[in-house]
$ cat run.cif   # mmCIF, C-alpha atoms
data_work
#
loop_
_atom_site.label_atom_id
_atom_site.label_comp_id
_atom_site.auth_asym_id
_atom_site.auth_seq_id
_atom_site.Cartn_x
_atom_site.Cartn_y
_atom_site.Cartn_z
CA MET A 1 50.61 79.41 100.48
CA ASP A 2 49.97 78.94 104.19
CA GLU A 3 50.78 82.57 105.01
CA LEU A 4 48.51 83.76 102.21
CA GLY A 5 45.60 81.75 103.55
CA ALA A 6 46.17 82.76 107.15
CA ARG A 7 46.28 86.45 106.28
CA ALA A 8 43.04 86.18 104.30
CA ALA A 9 41.31 84.40 107.19
CA ALA A 10 42.52 87.06 109.63
CA LEU A 11 41.23 89.81 107.34
CA VAL A 12 37.79 88.22 107.25
CA ALA A 13 37.80 87.81 111.04
CA ARG A 14 38.43 91.56 111.41
CA HIS A 15 35.71 92.53 108.91
CA PRO A 16 33.00 89.85 109.13
CA GLY A 17 30.28 92.11 107.78
CA HIS A 18 32.17 93.12 104.66
CA ALA A 19 34.49 90.23 103.77
CA ARG A 20 33.81 86.54 103.15
CA LEU A 21 35.97 83.54 102.42
CA ARG A 22 34.74 80.43 100.67
CA ARG A 23 36.30 77.34 99.19
CA VAL A 24 35.43 77.27 95.49
CA GLY A 25 37.43 74.25 94.38
CA THR A 26 40.30 71.87 94.98
CA SER A 27 43.62 71.52 93.20
CA ARG A 28 44.97 68.32 91.68
CA ALA A 29 46.91 67.65 94.87
CA GLY A 30 43.91 68.35 97.11
CA THR A 31 44.77 71.93 98.08
CA PRO A 32 41.73 74.19 98.65
CA LEU A 33 41.13 77.02 96.19
CA TRP A 34 39.91 80.01 98.17
CA LEU A 35 37.89 83.03 97.08
CA LEU A 36 38.08 86.17 99.24
CA SER A 37 35.18 88.56 98.55
CA VAL A 38 34.75 92.14 99.73
CA GLY A 39 31.60 94.23 99.37
CA HIS A 40 28.00 93.46 98.48
CA GLY A 41 27.53 95.31 95.19
CA SER A 42 25.76 93.91 92.15
CA ARG A 43 28.72 94.47 89.78
CA GLN A 44 31.33 91.77 90.12
CA ALA A 45 35.10 92.19 89.71
CA LEU A 46 37.14 88.97 89.55
CA VAL A 47 40.85 88.99 90.35
CA VAL A 48 42.85 85.82 89.63
CA ALA A 49 46.18 85.41 91.44
CA GLY A 50 48.84 82.80 90.87
CA PRO A 51 47.99 81.58 87.34
CA HIS A 52 51.69 80.92 86.78
CA ALA A 53 53.43 79.08 89.58
CA ASN A 54 56.63 81.12 89.46
CA GLU A 55 54.80 84.46 89.66
CA PRO A 56 53.87 84.88 93.33
CA VAL A 57 53.28 88.63 93.49
CA GLY A 58 49.57 88.26 92.66
CA GLY A 59 48.71 86.69 96.01
CA ALA A 60 50.08 89.67 97.91
CA THR A 61 48.37 92.02 95.46
CA ALA A 62 45.02 90.28 96.05
CA LEU A 63 45.35 90.87 99.79
CA ARG A 64 46.34 94.49 99.21
CA LEU A 65 43.30 95.00 96.99
CA ALA A 66 41.06 93.52 99.68
CA GLU A 67 42.52 95.91 102.23
CA ARG A 68 42.01 98.87 99.88
CA ALA A 69 38.42 97.87 99.17
CA LEU A 70 37.68 97.52 102.89
CA ALA A 71 39.22 100.93 103.61
CA ASP A 72 37.58 102.86 100.75
CA ALA A 73 33.82 102.56 100.28
CA ARG A 74 34.15 104.16 96.84
CA LEU A 75 35.52 100.81 95.64
CA THR A 76 32.51 98.87 96.91
CA GLU A 77 29.27 100.69 97.83
CA GLY A 78 30.24 103.74 95.80
CA ALA A 79 30.75 101.61 92.70
CA ASP A 80 27.99 99.08 93.45
CA ALA A 81 30.79 96.50 93.24
CA THR A 82 31.94 93.28 94.86
CA TRP A 83 35.59 92.30 94.70
CA ASN A 84 36.14 88.55 94.24
CA LEU A 85 39.78 87.61 94.77
CA LEU A 86 40.91 84.07 93.89
CA LEU A 87 43.98 83.89 96.12
CA CYS A 88 45.92 81.36 94.04
CA VAL A 89 44.68 79.28 91.13
CA ASP A 90 47.78 77.03 91.04
CA PRO A 91 48.71 76.43 94.70
CA ASP A 92 50.48 73.14 93.94
CA GLY A 93 52.82 74.85 91.52
CA LEU A 94 53.43 77.72 93.91
CA ARG A 95 54.55 75.28 96.60
CA ARG A 96 57.16 73.92 94.22
CA ASN A 97 58.74 77.40 94.10
CA GLU A 98 59.22 77.66 97.85
CA GLY A 99 62.96 77.10 97.48
CA TRP A 100 63.40 80.71 96.40
CA LEU A 101 60.28 82.47 97.71
CA SER A 102 61.73 83.27 101.12
CA GLY A 103 64.89 84.80 99.63
CA PRO A 104 67.56 85.90 99.35
CA TYR A 105 66.34 87.13 96.00
CA THR A 106 69.18 86.46 93.59
CA LEU A 107 68.91 85.42 89.97
CA GLY A 108 70.88 82.25 90.61
CA ARG A 109 68.71 81.17 93.52
CA TYR A 110 65.58 81.86 91.49
CA ALA A 111 66.82 79.91 88.46
CA ARG A 112 67.90 76.85 90.43
CA ASN A 113 64.60 76.67 92.31
CA PHE A 114 62.27 77.72 89.51
CA PHE A 115 59.18 75.70 88.72
CA ARG A 116 56.39 76.23 86.23
CA PRO A 117 54.31 73.33 84.93
CA GLY A 118 54.15 72.24 81.33
CA PHE A 119 51.99 74.31 79.01
CA LEU A 120 49.08 71.88 79.11
CA GLU A 121 49.08 71.95 82.94
CA GLN A 122 48.68 75.72 83.29
CA PRO A 123 45.21 76.62 84.61
CA GLU A 124 44.41 79.52 82.26
CA TRP A 125 45.02 77.51 79.09
CA LEU A 126 42.08 76.08 77.13
CA PRO A 127 43.87 74.47 74.17
CA HIS A 128 40.85 72.26 73.42
CA GLY A 129 38.15 74.74 74.46
CA PRO A 130 36.26 75.22 77.74
CA ASP A 131 34.10 72.13 77.27
CA HIS A 132 37.21 69.96 77.42
CA ALA A 133 38.99 71.64 80.34
CA ALA A 134 40.87 68.84 82.10
CA LEU A 135 42.36 70.53 85.17
CA PRO A 136 40.19 71.02 88.28
CA GLU A 137 41.76 74.44 88.75
CA THR A 138 40.65 75.46 85.25
CA ARG A 139 37.14 74.13 85.79
CA THR A 140 36.93 76.09 89.05
CA LEU A 141 37.94 79.32 87.31
CA LEU A 142 35.48 78.75 84.46
CA ALA A 143 32.67 78.07 86.95
CA LEU A 144 33.46 81.31 88.78
CA GLN A 145 33.38 83.27 85.55
CA ASP A 146 30.02 81.78 84.62
CA GLU A 147 28.62 82.38 88.11
CA LEU A 148 29.81 85.95 88.57
CA ARG A 149 29.70 87.26 85.00
CA PRO A 150 32.18 89.95 86.03
CA PHE A 151 32.39 93.32 84.34
CA LEU A 152 36.17 93.13 84.93
CA GLN A 153 38.58 90.23 85.27
CA CYS A 154 42.20 90.90 86.22
CA SER A 155 44.74 88.11 85.87
CA LEU A 156 47.82 88.87 87.96
CA HIS A 157 51.09 87.84 86.35
CA GLY A 158 54.74 88.56 86.99
CA VAL A 159 57.65 89.06 84.60
CA ASP A 160 60.79 87.52 86.05
CA VAL A 161 63.16 89.90 84.20
CA GLY A 162 61.95 92.88 82.15
CA GLY A 163 59.23 95.44 82.70
CA GLY A 164 55.56 95.99 83.42
CA PHE A 165 52.81 95.89 80.82
CA VAL A 166 49.10 95.12 80.43
CA GLU A 167 47.20 92.95 77.95
CA LEU A 168 43.51 93.72 77.35
CA THR A 169 40.60 92.02 75.62
CA HIS A 170 38.93 95.43 75.20
CA ASP A 171 40.39 98.89 74.98
CA LEU A 172 40.28 100.99 78.15
CA PRO A 173 41.05 104.54 76.98
CA GLY A 174 43.29 106.29 79.46
CA ILE A 175 44.94 103.24 80.97
CA ALA A 176 48.27 103.80 79.21
CA GLN A 177 48.60 107.20 80.89
CA ARG A 178 47.72 105.68 84.27
CA ILE A 179 50.37 102.99 83.83
CA ALA A 180 52.96 105.55 82.79
CA HIS A 181 52.28 107.66 85.88
CA THR A 182 52.35 104.67 88.24
CA ALA A 183 55.49 103.21 86.70
CA ALA A 184 57.32 106.55 86.94
CA ARG A 185 56.32 107.04 90.59
CA LEU A 186 57.46 103.54 91.59
CA GLY A 187 60.54 103.19 89.38
CA ILE A 188 59.09 100.30 87.35
CA PRO A 189 60.24 100.12 83.70
CA ARG A 190 57.44 99.82 81.15
CA GLU A 191 57.95 97.05 78.60
CA LEU A 192 57.33 98.74 75.25
CA GLY A 193 58.00 95.68 73.10
CA ALA A 194 56.98 92.65 75.14
CA TYR A 195 57.98 89.28 73.68
CA ASP A 196 54.54 87.81 74.45
CA THR A 197 52.84 90.47 72.33
CA LEU A 198 55.25 90.73 69.41
CA TYR A 199 52.49 90.28 66.82
CA TRP A 200 49.66 91.92 68.80
CA PRO A 201 48.23 95.41 68.22
CA ASP A 202 49.28 98.20 70.56
CA LEU A 203 46.62 100.11 72.48
CA GLY A 204 49.21 102.53 73.85
CA PRO A 205 52.70 102.34 75.36
CA ALA A 206 53.01 99.04 77.31
CA VAL A 207 49.34 98.19 76.60
CA TYR A 208 48.47 95.42 74.13
CA ARG A 209 45.26 94.02 72.66
CA ILE A 210 44.75 90.27 73.17
CA PRO A 211 43.82 88.85 69.74
CA PRO A 212 40.97 86.40 69.21
CA PRO A 213 42.23 82.88 69.88
CA ARG A 214 42.71 80.48 67.01
CA ARG A 215 43.35 76.77 66.86
CA GLY A 216 46.69 75.46 65.64
CA ASP A 217 49.54 73.20 66.57
CA LEU A 218 51.02 73.39 70.05
CA THR A 219 54.20 75.24 69.11
CA ALA A 220 52.26 77.88 67.17
CA ALA A 221 49.95 78.48 70.10
CA ILE A 222 52.87 78.80 72.50
CA THR A 223 55.11 80.98 70.38
CA GLU A 224 52.32 83.28 69.21
CA ALA A 225 50.44 83.38 72.56
CA ALA A 226 47.14 83.09 70.70
CA VAL A 227 45.73 79.97 72.31
CA GLU A 228 42.19 79.95 73.68
CA SER A 229 42.22 80.78 77.38
CA THR A 230 40.19 81.79 80.40
CA TRP A 231 41.08 85.37 79.53
CA CYS A 232 38.58 85.28 76.65
CA HIS A 233 35.96 82.88 78.04
CA PRO A 234 33.90 85.50 79.96
CA GLY A 235 33.79 87.80 76.95
CA ARG A 236 30.30 86.40 76.31
CA TYR A 237 29.20 88.41 79.37
CA GLY A 238 30.84 91.61 78.19
CA THR A 239 33.76 91.09 80.59
CA VAL A 240 36.89 93.15 80.13
CA THR A 241 39.95 91.05 80.95
CA ALA A 242 43.20 92.77 81.94
CA VAL A 243 46.37 90.69 82.28
CA VAL A 244 48.61 92.73 84.58
CA GLU A 245 52.33 91.96 84.40
CA ALA A 246 54.69 93.21 87.13
CA PRO A 247 58.46 92.61 86.94
CA MET A 248 60.60 91.05 89.67
CA TRP A 249 63.91 92.20 88.17
CA GLY A 250 63.61 95.39 86.16
CA VAL A 251 65.58 96.18 82.99
CA ALA A 252 65.48 99.85 82.01
CA ALA A 253 66.22 99.17 78.33
CA VAL A 254 62.81 97.51 77.79
CA ALA A 255 61.43 101.05 77.87
CA ASP A 256 63.73 102.28 75.06
CA GLY A 257 61.47 103.03 72.11
CA SER A 258 64.27 104.29 69.86
CA SER A 259 65.10 102.78 66.49
CA PRO A 260 67.92 100.23 66.75
CA ALA A 261 71.19 100.84 64.93
CA ASP A 262 71.56 97.21 63.78
CA ARG A 263 68.29 95.33 64.13
CA ASP A 264 69.32 92.32 62.06
CA GLY A 265 72.67 91.99 63.80
CA VAL A 266 70.99 91.83 67.20
CA LEU A 267 68.41 89.33 65.95
CA ARG A 268 71.12 87.08 64.52
CA SER A 269 72.97 87.17 67.83
CA VAL A 270 69.84 86.39 69.88
CA SER A 271 68.88 83.51 67.57
CA ARG A 272 72.41 82.11 67.50
CA THR A 273 72.66 82.18 71.31
CA LEU A 274 69.29 80.47 71.71
CA ARG A 275 70.23 77.70 69.24
CA HIS A 276 73.59 77.20 70.96
CA ASP A 277 72.03 76.95 74.42
CA THR A 278 69.31 74.62 73.12
CA ARG A 279 71.89 72.19 71.70
CA ARG A 280 73.73 72.19 75.03
CA LEU A 281 70.51 71.51 76.92
CA HIS A 282 69.50 68.70 74.56
CA ARG A 283 72.85 67.00 75.19
CA VAL A 284 72.44 67.34 78.95
CA LEU A 285 68.89 65.97 78.86
CA ALA A 286 69.97 62.96 76.81
CA ARG A 287 72.56 62.10 79.46
CA VAL A 288 70.21 62.74 82.40
CA ARG A 289 67.01 61.04 81.23
CA PRO A 290 68.14 57.40 81.80
CA HIS A 291 68.78 58.18 85.50
CA LEU A 292 65.37 59.66 86.34
CA ALA A 293 63.20 56.58 86.78
CA THR A 294 63.43 56.74 90.58
CA VAL A 295 63.26 60.53 90.96
CA PRO A 296 60.06 61.63 92.75
CA GLU A 297 57.85 63.85 90.56
CA ALA A 298 60.31 63.66 87.67
CA ALA A 299 57.39 63.92 85.23
CA HIS A 300 56.36 67.32 86.61
CA LEU A 301 59.85 68.69 85.97
CA LEU A 302 60.35 66.98 82.63
CA ALA A 303 57.11 68.26 81.09
CA PRO A 304 58.18 71.93 80.99
CA VAL A 305 61.71 70.91 79.95
CA ASP A 306 60.31 69.10 76.92
CA ASP A 307 58.01 72.04 76.15
CA TYR A 308 60.80 74.60 76.23
CA LEU A 309 63.10 72.47 74.09
CA LEU A 310 60.24 72.01 71.62
CA VAL A 311 59.63 75.74 71.10
CA CYS A 312 63.20 77.07 71.30
CA PRO A 313 64.22 76.11 67.73
CA ARG A 314 60.99 77.55 66.32
CA LEU A 315 61.51 80.84 68.13
CA ALA A 316 65.14 81.03 67.00
CA ASP A 317 63.98 80.59 63.40
CA ALA A 318 61.14 83.10 63.80
CA TRP A 319 63.54 85.75 65.10
CA ASP A 320 66.40 85.10 62.65
CA PRO A 321 66.24 87.53 59.68
CA ASP A 322 68.14 84.98 57.54
CA THR A 323 65.79 82.04 58.20
CA ASP A 324 62.37 81.23 56.78
CA ASP A 325 60.41 79.70 59.65
CA GLY A 326 57.64 78.51 57.35
CA SER A 327 54.95 80.77 58.80
CA GLY A 328 54.90 83.11 55.81
CA ARG A 329 54.98 86.05 58.20
CA SER A 330 57.68 88.67 58.56
CA LEU A 331 58.77 90.32 61.78
CA PRO A 332 56.95 93.54 62.66
CA PRO A 333 58.76 96.89 62.92
CA MET A 334 61.00 96.70 65.98
CA SER A 335 62.36 99.23 68.43
CA THR A 336 65.30 98.77 70.76
CA ALA A 337 62.79 97.71 73.40
CA HIS A 338 61.65 94.80 71.20
CA LEU A 339 65.20 93.59 70.70
CA VAL A 340 65.94 93.75 74.42
CA ALA A 341 62.74 91.80 75.15
CA LEU A 342 63.74 89.06 72.69
CA ARG A 343 67.21 88.84 74.23
CA LEU A 344 65.64 88.47 77.67
CA ALA A 345 63.16 85.88 76.38
CA GLY A 346 65.84 83.72 74.76
CA ARG A 347 67.86 83.70 77.97
CA ARG A 348 64.70 83.05 79.99
CA LEU A 349 63.90 79.86 78.09
CA ALA A 350 67.44 78.51 78.45
CA LEU A 351 67.66 79.48 82.13
CA ARG A 352 64.35 77.88 83.01
CA THR A 353 65.31 74.66 81.25
CA ALA A 354 68.72 74.57 82.91
CA GLY A 355 67.19 75.25 86.33
CA LEU A 356 64.63 72.47 85.97
CA LEU A 357 67.31 70.03 84.82
CA HIS A 358 69.48 71.10 87.75
CA GLN A 359 66.67 70.15 90.14
CA LEU A 360 66.17 66.80 88.41
CA VAL A 361 69.86 65.96 88.75
CA THR A 362 70.13 66.97 92.40
CA ARG A 363 67.06 64.86 93.21
CA THR A 364 68.90 61.75 92.01
CA GLY A 365 71.02 62.11 95.13
CA GLY A 366 74.19 62.84 93.23
CA ASP A 367 75.27 63.52 89.66
CA PRO A 368 75.19 60.12 87.94
CA ALA A 369 75.57 61.61 84.46
CA GLY A 370 78.22 64.16 85.43
CA VAL A 371 76.24 67.13 84.08
CA LEU A 372 76.00 69.49 87.06
CA PRO A 373 79.10 71.52 86.08
CA GLU A 374 77.61 72.17 82.63
CA LEU A 375 74.23 73.10 84.11
CA ASP A 376 75.88 75.44 86.60
CA ARG A 377 77.75 77.11 83.74
CA LEU A 378 74.49 77.57 81.82
CA VAL A 379 72.78 79.09 84.85
CA ASP A 380 75.72 81.33 85.72
CA GLU A 381 76.10 82.56 82.13
CA GLY A 382 72.42 83.42 81.87
CA CYS A 383 72.36 85.21 85.21
CA ALA A 384 75.51 87.15 84.34
CA ASP A 385 73.95 88.25 81.05
CA TYR A 386 70.86 89.48 82.88
CA ARG A 387 72.84 91.17 85.65
CA ASP A 388 75.84 92.58 83.77
CA GLY A 389 74.71 92.64 80.15
CA CYS A 390 71.13 93.85 80.70
CA ALA A 391 71.56 95.67 84.05
CA ALA A 392 68.72 93.71 85.69
CA ARG A 393 67.96 94.98 89.20
CA TRP A 394 65.73 93.50 91.89
CA ILE A 395 62.50 95.39 92.55
CA PRO A 396 61.39 95.12 96.20
CA VAL A 397 58.27 93.02 96.67
CA ALA A 398 56.34 95.90 98.23
CA ARG A 399 56.90 97.97 95.10
CA GLN A 400 55.87 95.12 92.80
CA VAL A 401 52.65 94.77 94.79
CA GLU A 402 51.92 98.49 94.84
CA TYR A 403 52.47 98.77 91.09
CA GLN A 404 50.15 95.87 90.33
CA THR A 405 47.54 97.15 92.78
CA ARG A 406 47.45 100.60 91.22
CA VAL A 407 47.15 99.19 87.70
CA VAL A 408 44.24 96.95 88.77
CA LEU A 409 42.50 99.91 90.42
CA ALA A 410 42.94 101.96 87.25
CA ALA A 411 41.43 99.14 85.18
CA PHE A 412 38.58 98.86 87.70
CA GLU A 413 37.75 102.55 87.40
CA LEU A 414 37.98 102.65 83.60
CA ALA A 415 36.09 99.39 83.03
CA GLY A 416 33.42 100.62 85.43
CA ARG A 417 32.63 103.44 83.04
CA ARG A 418 31.59 100.96 80.36
CA PRO A 419 27.90 99.99 80.13
CA ALA A 420 26.91 97.06 82.34
CA ALA A 421 26.55 93.77 80.45
CA GLY A 422 24.57 91.40 82.61
CA SER A 423 26.77 91.44 85.70
CA ARG A 424 25.00 89.94 88.67
CA SER A 425 25.43 89.11 92.29
CA GLY A 426 25.66 85.60 93.62
CA GLU A 427 22.70 83.75 95.08
CA PRO A 428 20.87 85.24 98.07
CA GLY A 429 22.90 84.89 101.23
CA TRP A 430 26.00 84.01 99.23
CA GLY A 431 29.10 84.20 101.39
CA SER A 432 27.18 84.68 104.64
CA GLU A 433 28.61 81.54 106.20
CA ALA A 434 31.32 81.83 108.84
CA ALA A 435 34.85 82.22 107.56
CA VAL A 436 36.87 79.01 107.47
CA PRO A 437 40.09 79.27 109.51
CA MET A 438 42.36 78.24 106.62
CA HIS A 439 45.50 77.91 108.68
CA ARG A 440 43.76 75.12 110.65
CA GLU A 441 42.55 73.22 107.59
#
$ encode --input "run.cif" --output "structure tokens"
Amino acid sequence: MDELGARAAALVARHPGHARLRRVGTSRAGTPLWLLSVGHGSRQALVVAGPHANEPVGGATALRLAERALADARLTEGADATWNLLLCVDPDGLRRNEGWLSGPYTLGRYARNFFRPGFLEQPEWLPHGPDHAALPETRTLLALQDELRPFLQCSLHGVDVGGGFVELTHDLPGIAQRIAHTAARLGIPRELGAYDTLYWPDLGPAVYRIPPPRRGDLTAAITEAAVESTWCHPGRYGTVTAVVEAPMWGVAAVADGSSPADRDGVLRSVSRTLRHDTRRLHRVLARVRPHLATVPEAAHLLAPVDDYLLVCPRLADAWDPDTDDGSGRSLPPMSTAHLVALRLAGRRLALRTAGLLHQLVTRTGGDPAGVLPELDRLVDEGCADYRDGCAARWIPVARQVEYQTRVVLAAFELAGRRPAAGSRSGEPGWGSEAAVPMHRE
């Protein structure tokens, strides 16, 4: 977080006539939320970095986009555009990932230092609608959307293990070809059957249409990814939202669009493994919970644990061809890529839960319940499955950033061809104040 802020402040100091930095809000823990803006055009583009605490690539991408916009007038004056880059919308969560952010980048180190808040504490979620947004980070983002009325919003996300893909509120014809070209040039696998979008319409390979949100119970919203969110809120202004996912560890098989030889056999195996891991994790949690009363911030770590253990059985039932999950809905046609994505997702849920429990236990100052060996086995098994079973490989940070940057620029160009829908500049003189030296704050 500190390096991100310092680099943004230095960028503004080098380009005072073209770049501005302003504090637009404050996190729950009192951390400033900073907006870096480049250009003075009337059409606003909003880029949101760090919506998920364990997905840090967006901050570096935001800085890269600022540098590109400063170097190429076609992205600002030539497009009558201003780039507004929210450097990190969940800085408190990002700080809780610092145990792995500096490397070495191994799956085990990532899993044991992973943090992501509970579903109701994630800034982009609006489970009760925008009028009832509880988090200051969410209210800040909503206020920015209402102020800027952007023609394009890009939310920068990261897939821990898998491939790159994009989710859109509106179709952008041509973006699938742009993504394919960029992914091929940079060696990034495209995720052709993303778990998040299992029931969503395709707009092209690795491009998915975000469905209209609908109200329902918590587990349905989580497992179907159809909850109301800040992705859809600015649609009233004609905003196109693009959720840009870039992988940290790539798995080539997520790009395999072939028909599977034994779909049901794979689904049974994935569901069985998820149920087995969930039972193990429930037993560990039952032994650990009585020892957590004195653990600092135990509630922050327990919230996502409880969320994951709530949705795991429902997902296992939804994926199992022999089980009626009560939804009345059958699985869509599935390629090999879909099956690989579900295998990765099942492991992801178990690994995240095990990693969070591992941190809870180590913060007790020992292992009062004697569960660390079991948690280490869970983490090691999951990492081995990713590494050896799925051939997951680390993608250098610079390549993750370049991929995400190019996809955002493609979305910017294609969304810019759509008719303007009430985009506007900020108030007169907006952003003309001196840049705040963030590293001194």
$ closest_atom_pairs --input "run.cif" --of "region 324-437 of chain A" --to "region 257-261 of chain A" --cutoff "9 Å" --atoms "all atoms listed in the file" --output "CSV"
residue,atom,partner,partner_atom,distance
A:Met334,CA,A:Ser259,CA,7.4
A:Ser335,CA,A:Ser259,CA,4.9
A:Thr336,CA,A:Pro260,CA,5.0
A:Ala337,CA,A:Gly257,CA,5.6
A:His338,CA,A:Gly257,CA,8.3
A:Leu339,CA,A:Pro260,CA,8.2
$ resolve_selection --input "run.cif" --expression "the PyMOL selection byres ((chain A and resi 319-321) around 6)" --output "ChimeraX atom specification"
/A:267-268,271,316-318,322-323
$ residues_around --input "run.cif" --residues "Arg64 (chain A)" --least-positions-apart "2" --cutoff "12 Å" --atoms "all atoms listed in the file" --output "PyMOL selection string"
chain A and resi 4+7-8+11+36+38+47+49+57-62+66-71+83+85+87+398-406+408-409
$ resolve_selection --input "run.cif" --expression "the PyMOL selection byres ((chain A and resi 359) around 10)" --output "VMD selection string"
chain A and resid 111 to 115 298 301 354 to 358 360 to 364 372
$ residues_around --input "run.cif" --residues "Ala79 (chain A)" --least-positions-apart "4" --cutoff "8 Å" --atoms "only C-alpha atoms" --output "compact mmCIF listing (two decimals) with C-alpha atoms, keeping the file's coordinate frame"
# COMPACT_ATOMS: atom_id res chain seq x y z
CA GLY A 41 27.53 95.31 95.19
CA ARG A 43 28.72 94.47 89.78
CA ARG A 74 34.15 104.16 96.84
CA LEU A 75 35.52 100.81 95.64
CA GLY A 416 33.42 100.62 85.43
$ atom_distance --input "run.cif" --atom1 "CA of Asp264 (chain A)" --atom2 "CA of Pro189 (chain A)"
24.7 Å
$ residues_around --input "run.cif" --residues "Leu349 (chain A)" --least-positions-apart "5" --cutoff "9 Å" --atoms "all atoms listed in the file" --output "VMD selection string"
chain A and resid 274 308 to 309 312 344 354
